[in-house]
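Participant: You'll find coords-v8.tsv just under this line, and it carries TSV, C-alpha atoms.
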```tsv
chain	number	residue	atom	x	y	z
A	22	MET	CA	0.00	0.00	0.00
A	23	ASP	CA	3.02	2.26	-0.33
A	24	GLU	CA	2.28	2.94	-3.99
A	25	PRO	CA	0.57	6.22	-4.85
A	26	ARG	CA	-3.19	5.82	-4.88
A	27	PRO	CA	-5.37	7.03	-7.74
A	28	LEU	CA	-6.98	10.42	-7.17
A	29	TRP	CA	-10.47	8.94	-6.67
A	30	MET	CA	-9.18	6.83	-3.78
A	31	ARG	CA	-7.47	9.78	-2.15
A	32	ALA	CA	-10.67	11.80	-2.40
A	33	PHE	CA	-12.85	9.28	-0.54
A	34	PHE	CA	-10.76	6.81	1.41
A	35	ASP	CA	-7.96	7.40	3.86
A	36	ARG	CA	-5.32	4.77	4.64
A	37	ALA	CA	-7.27	3.41	7.63
A	38	GLU	CA	-10.38	2.84	5.51
A	39	LEU	CA	-8.39	1.12	2.77
A	40	HIS	CA	-6.81	-1.23	5.30
A	41	SER	CA	-10.25	-1.90	6.80
A	42	LEU	CA	-11.62	-2.80	3.35
A	43	ALA	CA	-8.59	-5.03	2.78
A	44	THR	CA	-9.25	-6.68	6.14
A	45	ALA	CA	-12.81	-7.51	5.09
A	46	ALA	CA	-11.67	-8.83	1.72
A	47	HIS	CA	-9.00	-11.08	3.21
A	48	LEU	CA	-11.43	-12.37	5.83
A	49	SER	CA	-13.82	-13.32	3.04
A	50	ALA	CA	-10.98	-15.12	1.29
A	51	ARG	CA	-10.10	-16.86	4.58
A	52	ASP	CA	-6.60	-15.36	4.43
A	53	PHE	CA	-6.64	-14.69	8.15
A	54	ALA	CA	-3.00	-13.72	8.64
A	55	THR	CA	-3.18	-11.01	5.97
A	56	ALA	CA	-6.55	-9.86	7.33
A	57	GLU	CA	-5.00	-9.51	10.78
A	58	ALA	CA	-2.10	-7.47	9.42
A	59	HIS	CA	-4.46	-5.08	7.62
A	60	ALA	CA	-6.66	-4.77	10.73
A	61	HIS	CA	-3.68	-3.73	12.83
A	62	ARG	CA	-2.68	-1.15	10.20
A	63	SER	CA	-6.21	0.17	10.04
A	64	LEU	CA	-6.50	0.52	13.81
A	65	ALA	CA	-3.16	2.32	13.97
A	66	ALA	CA	-4.28	4.84	11.35
A	67	LEU	CA	-7.90	5.40	12.46
A	68	ARG	CA	-8.80	8.85	13.72
A	69	PRO	CA	-9.85	8.72	17.40
A	70	SER	CA	-13.33	10.04	16.65
A	71	LEU	CA	-14.23	7.06	14.45
A	72	THR	CA	-15.47	4.85	17.27
A	73	ARG	CA	-17.84	2.73	15.19
A	74	SER	CA	-15.16	2.11	12.55
A	75	ARG	CA	-12.74	1.16	15.34
A	76	ALA	CA	-15.30	-1.29	16.78
A	77	ILE	CA	-15.94	-2.84	13.36
A	78	THR	CA	-12.24	-3.22	12.60
A	79	THR	CA	-11.60	-4.64	16.06
A	80	ALA	CA	-14.36	-7.21	15.54
A	81	ARG	CA	-12.76	-8.12	12.21
A	82	LEU	CA	-9.38	-8.41	13.94
A	83	ALA	CA	-10.88	-10.80	16.50
A	84	SER	CA	-12.32	-12.90	13.68
A	85	ALA	CA	-8.96	-12.98	11.90
A	86	GLN	CA	-7.24	-14.11	15.09
A	87	LEU	CA	-9.88	-16.77	15.68
A	88	GLY	CA	-9.51	-17.94	12.08
A	89	GLN	CA	-5.84	-18.60	12.81
A	90	GLY	CA	-6.70	-20.60	15.92
A	91	ASP	CA	-5.55	-17.87	18.30
A	92	VAL	CA	-8.56	-18.32	20.57
A	93	SER	CA	-7.42	-16.46	23.68
A	94	PRO	CA	-6.13	-13.37	21.84
A	95	ALA	CA	-9.31	-13.34	19.73
A	96	VAL	CA	-11.50	-13.28	22.83
A	97	GLN	CA	-9.35	-10.57	24.42
A	98	THR	CA	-9.63	-8.51	21.24
A	99	ALA	CA	-13.40	-8.91	21.04
A	100	MET	CA	-13.74	-7.95	24.69
A	101	ALA	CA	-11.73	-4.78	24.00
A	102	ILE	CA	-14.60	-3.37	21.93
A	103	PRO	CA	-16.26	-0.71	24.07
A	104	VAL	CA	-19.64	-1.91	25.29
A	105	GLU	CA	-21.27	1.32	24.08
A	106	SER	CA	-20.23	0.42	20.51
A	107	THR	CA	-21.82	-3.03	20.64
A	108	GLY	CA	-25.33	-1.61	20.34
A	109	HIS	CA	-24.72	-0.69	16.70
A	110	PRO	CA	-26.43	-3.34	14.54
A	111	ARG	CA	-23.37	-4.00	12.41
A	112	VAL	CA	-21.08	-4.44	15.41
A	113	ALA	CA	-23.67	-6.58	17.19
A	114	GLY	CA	-23.98	-8.79	14.13
A	115	MET	CA	-20.23	-9.19	13.89
A	116	LEU	CA	-20.03	-10.19	17.55
A	117	THR	CA	-22.85	-12.69	17.06
A	118	ALA	CA	-20.88	-14.20	14.17
A	119	PHE	CA	-17.75	-14.20	16.34
A	120	ASN	CA	-19.65	-16.02	19.08
A	121	ARG	CA	-20.88	-18.65	16.61
A	122	ALA	CA	-17.38	-19.17	15.20
A	123	LEU	CA	-15.85	-19.38	18.68
A	124	ASN	CA	-18.36	-22.06	19.64
A	125	GLU	CA	-17.44	-24.03	16.52
A	126	VAL	CA	-13.67	-23.72	17.00
A	127	ALA	CA	-13.27	-24.07	20.76
A	128	PRO	CA	-16.66	-24.60	22.41
A	129	HIS	CA	-15.43	-25.90	25.77
A	130	SER	CA	-12.25	-23.85	26.10
A	131	ALA	CA	-11.50	-21.44	28.93
A	132	PRO	CA	-11.54	-18.46	26.52
A	133	ALA	CA	-14.99	-19.52	25.25
A	134	ARG	CA	-16.26	-19.66	28.83
A	135	THR	CA	-14.72	-16.24	29.50
A	136	TRP	CA	-16.44	-14.86	26.40
A	137	ALA	CA	-19.78	-16.41	27.36
A	138	THR	CA	-19.62	-14.86	30.82
A	139	TYR	CA	-18.60	-11.49	29.39
A	140	ALA	CA	-21.33	-11.57	26.74
A	141	ASP	CA	-23.98	-12.50	29.31
A	142	ASP	CA	-22.84	-9.86	31.79
A	143	GLN	CA	-22.00	-6.98	29.45
A	144	LEU	CA	-23.47	-7.36	25.99
A	145	ARG	CA	-26.95	-8.55	26.88
A	146	ARG	CA	-27.46	-5.32	28.86
A	147	THR	CA	-26.69	-3.06	25.91
A	148	PRO	CA	-29.87	-1.29	24.75
```
Represent the structure contained in this file as structure tokens.

Facilitator:
Amino acid sequence: MDEPRPLWMRAFFDRAELHSLATAAHLSARDFATAEAHAHRSLAALRPSLTRSRAITTARLASAQLGQGDVSPAVQTAMAIPVESTGHPRVAGMLTAFNRALNEVAPHSAPARTWATYADDQLRRTP
């Protein structure tokens, strides 16, 4: 991504958004390591005021980590999403998908139990 971007990309997308789009694309392709790398780049470049974008990218990061079998870091990442951001339908949907995937990958693991407790205690209360 160090090459100059076409003018239309510079007019609409900043570097953080481009990395976020790349994260989504690599997740879809099940290239989890590359998705994780783009998510980290996106989070590093995101403006502080973009809380929903940060939550979405963080949820994608958790999914990329889970896709690589990094269950504990994935749960820690998902739990780092501010509770106030989880009420947004897109973020809530991503966390529901994360929960489903976690229960497929490591249903009886300690991180899955930690996530279940956290989700019951924190996320179910979100209006």

Participant: To one decimal place in Å, what is the distance between CA of Gln97 in chain A and CA of Ala83 in chain A?

Facilitator: 8.1 Å

Participant: State, in Å with one decimal place, the distance from CA of Leu67 in chain A to CA of Thr44 in chain A.

Facilitator: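 Calculated distance between CA of Leu67 in chain A and CA of Thr44 in chain A is 13.7 Å.
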
Participant: May I have the residues within 8 Å of range 87-92 of chain A as a ChimeraX atom specification, using only C-alpha atoms and disregarding those fewer than 6 positions away in the same chain?

Facilitator: /A:51,53-54,122-123,126-127,132

Participant: What's the separation between CA of Gly114 in chain A and CA of Ala131 in chain A, in Å to one decimal place?

Facilitator: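 That distance, rounded to one decimal, is 23.1 Å.
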
Participant: Using only C-alpha atoms, find the one residue out of A:Ala118, A:Ala76, A:Ala50, A:Ala37 that sits nearest to Met100 in chain A.

Facilitator: A:Ala76

Participant: Would you mind telling me which residue in A:Ala46, A:Ala85, A:Ala80, A:Ala101 lies nearest to Ala58 in chain A when using all atoms listed in the file?

Facilitator: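 Looking only at the distances to Ala58 in chain A, the closest residue turns out to be A:Ala85.
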
Participant: Pick out the closest residue to Thr138 in chain A from this set: A:Thr107, A:Val96, A:Arg121, A:Ser74. Count only C-alpha atoms.

Facilitator: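 Nearest to Thr138 in chain A: A:Val96.
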
Participant: Kindly extract all protein, DNA and RNA residues lying within 7 Å of the coordinates (-19.6, -19.1, 23.4) given in the file, considering all atoms listed in the file, and supply them as number ranges by chain.

Facilitator: A: 120-121, 123-124, 128, 133-134, 136-137

Participant: Using all atoms listed in the file, give me every residue within 10 Å of (-18.8, -2.4, 19.9) in file coordinates, as a list in words.

Facilitator: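 Checking each residue against the 10 Å limit leaves Thr72, Arg73, Ser74, Arg75, Ala76, Ile77, Thr78, Thr79, Ala80, Ala99, Met100, Ala101, Ile102, Pro103, Val104, Glu105, Ser106, Thr107, Gly108, His109, Pro110, Arg111, Val112, Ala113, Met115, Leu116, Leu144 and Thr147 of chain A.
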
Participant: Export C-alpha atoms of the chosen residues as a compact mmCIF listing (two decimals), in the frame of the given file?

Facilitator:
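Ended up saving to part.txt:
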```txt
# COMPACT_ATOMS: atom_id res chain seq x y z
CA THR A 72 -15.47 4.85 17.27
CA ARG A 73 -17.84 2.73 15.19
CA SER A 74 -15.16 2.11 12.55
CA ARG A 75 -12.74 1.16 15.34
CA ALA A 76 -15.30 -1.29 16.78
CA ILE A 77 -15.94 -2.84 13.36
CA THR A 78 -12.24 -3.22 12.60
CA THR A 79 -11.60 -4.64 16.06
CA ALA A 80 -14.36 -7.21 15.54
CA ALA A 99 -13.40 -8.91 21.04
CA MET A 100 -13.74 -7.95 24.69
CA ALA A 101 -11.73 -4.78 24.00
CA ILE A 102 -14.60 -3.37 21.93
CA PRO A 103 -16.26 -0.71 24.07
CA VAL A 104 -19.64 -1.91 25.29
CA GLU A 105 -21.27 1.32 24.08
CA SER A 106 -20.23 0.42 20.51
CA THR A 107 -21.82 -3.03 20.64
CA GLY A 108 -25.33 -1.61 20.34
CA HIS A 109 -24.72 -0.69 16.70
CA PRO A 110 -26.43 -3.34 14.54
CA ARG A 111 -23.37 -4.00 12.41
CA VAL A 112 -21.08 -4.44 15.41
CA ALA A 113 -23.67 -6.58 17.19
CA MET A 115 -20.23 -9.19 13.89
CA LEU A 116 -20.03 -10.19 17.55
CA LEU A 144 -23.47 -7.36 25.99
CA THR A 147 -26.69 -3.06 25.91
```

Participant: Fewer than 5 positions away in the same chain doesn't count, so skip those; otherwise give me all residues within 12 Å of His47 in chain A, counting only C-alpha atoms, as a list in words.

Facilitator: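 Once the adjacent positions are removed, what remains is His40, Ser41, Leu42, Asp52, Phe53, Ala54, Thr55, Ala56, Glu57, Ala58, His59, Ala60, Arg81, Leu82, Ser84, Ala85 and Gly88 of chain A.
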
Participant: Check the smallest atom-to-atom distance from each of A:Pro94, A:Glu125, A:Arg62, A:Thr117 to Ala140 in chain A using all atoms listed in the file, then report the winner.

Facilitator: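 Once distances to Ala140 in chain A are computed over all atoms listed in the file, the minimum belongs to A:Thr117.
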